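Below is one structure, written out as structure tokens, with a few remarks after it.
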Amino acid sequence: MAFRIEEVELGENAGLLAELVACWRASVEATHTFLTPDDIERIAGYVPNAITSVAHLIVCRDDAGAVAGFLGVDGTMVEMLFIDPTLRGQGLGTRLLDYATNELGATLVDVNEQNDQAVGFYGHYGFRTFNRSETDGMGDPFPILHMRLA
């Protein structure tokens, strides 16, 4: 299966937003094992706004045009990176991150410390922790690692 990466303008495309939110949910349910179902439901309320407010939205699509994953960048910060869990391990996250770093100049990312898979992924890519916060951006007790591309 071939995949394509494209920067998109979300605009009023409710169908695409719904696909991105569904991808987010599937990814989070597969990787954020420290979150309860109630946590996921609460956070899901913020996701559409987070997706629509990111400066650069990069989408990975499969041959049929379905969303396989997506990434959001603001300035030098990777704000979000989510991959359909059925497609993990095929290099899609790396391709999206390559676009973010090479095309958009992204060098920073915040990662949930409890998401070992993401911490490992970013570490393997070359990001290194330079700071840590006890709570996430919403003030919840989910420690965040602040990482910079070495």
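Here, A, B, ... name the chains of the structure tokens in the order displayed, residue numbers run from 1 inside each chain, and ligands are numbered from 1 in the same displayed order.
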Quick one: contact table of segment 61-121 of chain A to segment 4-27 of chain A, 7 Å max, nearest atom pair and distance in Å to one decimal per residue, counting only C-alpha atoms, chain and number order, as a Markdown table?
| residue | atom | partner | partner_atom | distance |
| --- | --- | --- | --- | --- |
| A:Arg61 | CA | A:Arg4 | CA | 5.4 |
| A:Asp62 | CA | A:Arg4 | CA | 6.6 |
| A:Val67 | CA | A:Glu19 | CA | 6.5 |
| A:Gly69 | CA | A:Cys23 | CA | 6.7 |
| A:Phe82 | CA | A:Trp24 | CA | 5.9 |
| A:Ile83 | CA | A:Ser27 | CA | 6.0 |
| A:Asp84 | CA | A:Cys23 | CA | 5.5 |
| A:Pro85 | CA | A:Ser27 | CA | 5.4 |
Export, as an mmCIF file, in the first residue's frame, the selected residues with C-alpha atoms.
data_model
loop_
_atom_site.group_PDB
_atom_site.id
_atom_site.type_symbol
_atom_site.label_atom_id
_atom_site.label_comp_id
_atom_site.auth_asym_id
_atom_site.auth_seq_id
_atom_site.Cartn_x
_atom_site.Cartn_y
_atom_site.Cartn_z
ATOM 1 C CA ARG A 61 -3.558 9.178 3.332
ATOM 2 C CA ASP A 62 -3.690 5.668 1.954
ATOM 3 C CA VAL A 67 -6.617 9.187 6.744
ATOM 4 C CA GLY A 69 -2.314 9.576 10.320
ATOM 5 C CA PHE A 82 -1.263 10.417 15.569
ATOM 6 C CA ILE A 83 -1.222 7.270 13.423
ATOM 7 C CA ASP A 84 -4.057 4.823 12.799
ATOM 8 C CA PRO A 85 -3.079 1.970 15.145
#
List every residue of segment 30-123 of chain A that DSSP, applied to the backbone of this structure, places in strand (DSSP E), and write the result as a ChimeraX atom specification. /A:56-61,67-74,77-83,108-112
List as an MDAnalysis selection string the protein and nucleic acid residues near segment 103-113 of chain A, meaning an atom at most 9 Å away when only C-alpha atoms are counted, but skip any in the same chain fewer than 6 places from it. chainID A and resid 32 56 73:80 97 119 122 127 132 136 142:150
Could you please write out, as a ChimeraX atom specification, every residue of chain A that DSSP assigns to alpha helix (DSSP H)? /A:14-31,37-44,47-53,92-104,116-125
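Among the candidates A:Leu87, A:Ala55, A:Ala118, A:Met1, the one nearest to Gly72 of chain A when counting only C-alpha atoms is A:Ala55.
Of the residues listed (A:Thr52, A:Gln90, A:Thr33, A:Asn102), A:Gln90 shows the shortest atom-to-atom separation from Ala68 of chain A; distances use only C-alpha atoms.
If you look at atom CA of Glu41 of chain A and atom CA of Leu71 of chain A, they are 20.8 Å away from each other.
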Given only C-alpha atoms as the basis, pick out the residue of A:Ala2, A:Leu96, A:Leu35, A:Ile51 nearest to Pro141 of chain A.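 Among A:Ala2, A:Leu96, A:Leu35, A:Ile51, it is A:Leu35 that comes nearest to Pro141 of chain A.
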Between atom CA of Ala30 of chain A and atom CA of Asn131 of chain A, measure the distance and give it in Å to one decimal. 26.0 Å
Selected residue of minimal separation from Gln117 of chain A among A:Phe3, A:Ala66, A:Gly89, A:Met138, counting only C-alpha atoms: A:Gly89
Interatomic distance, atom CA of Gly93 of chain A to atom CA of Val28 of chain A (Å, one decimal):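 It comes out at 14.3 Å.
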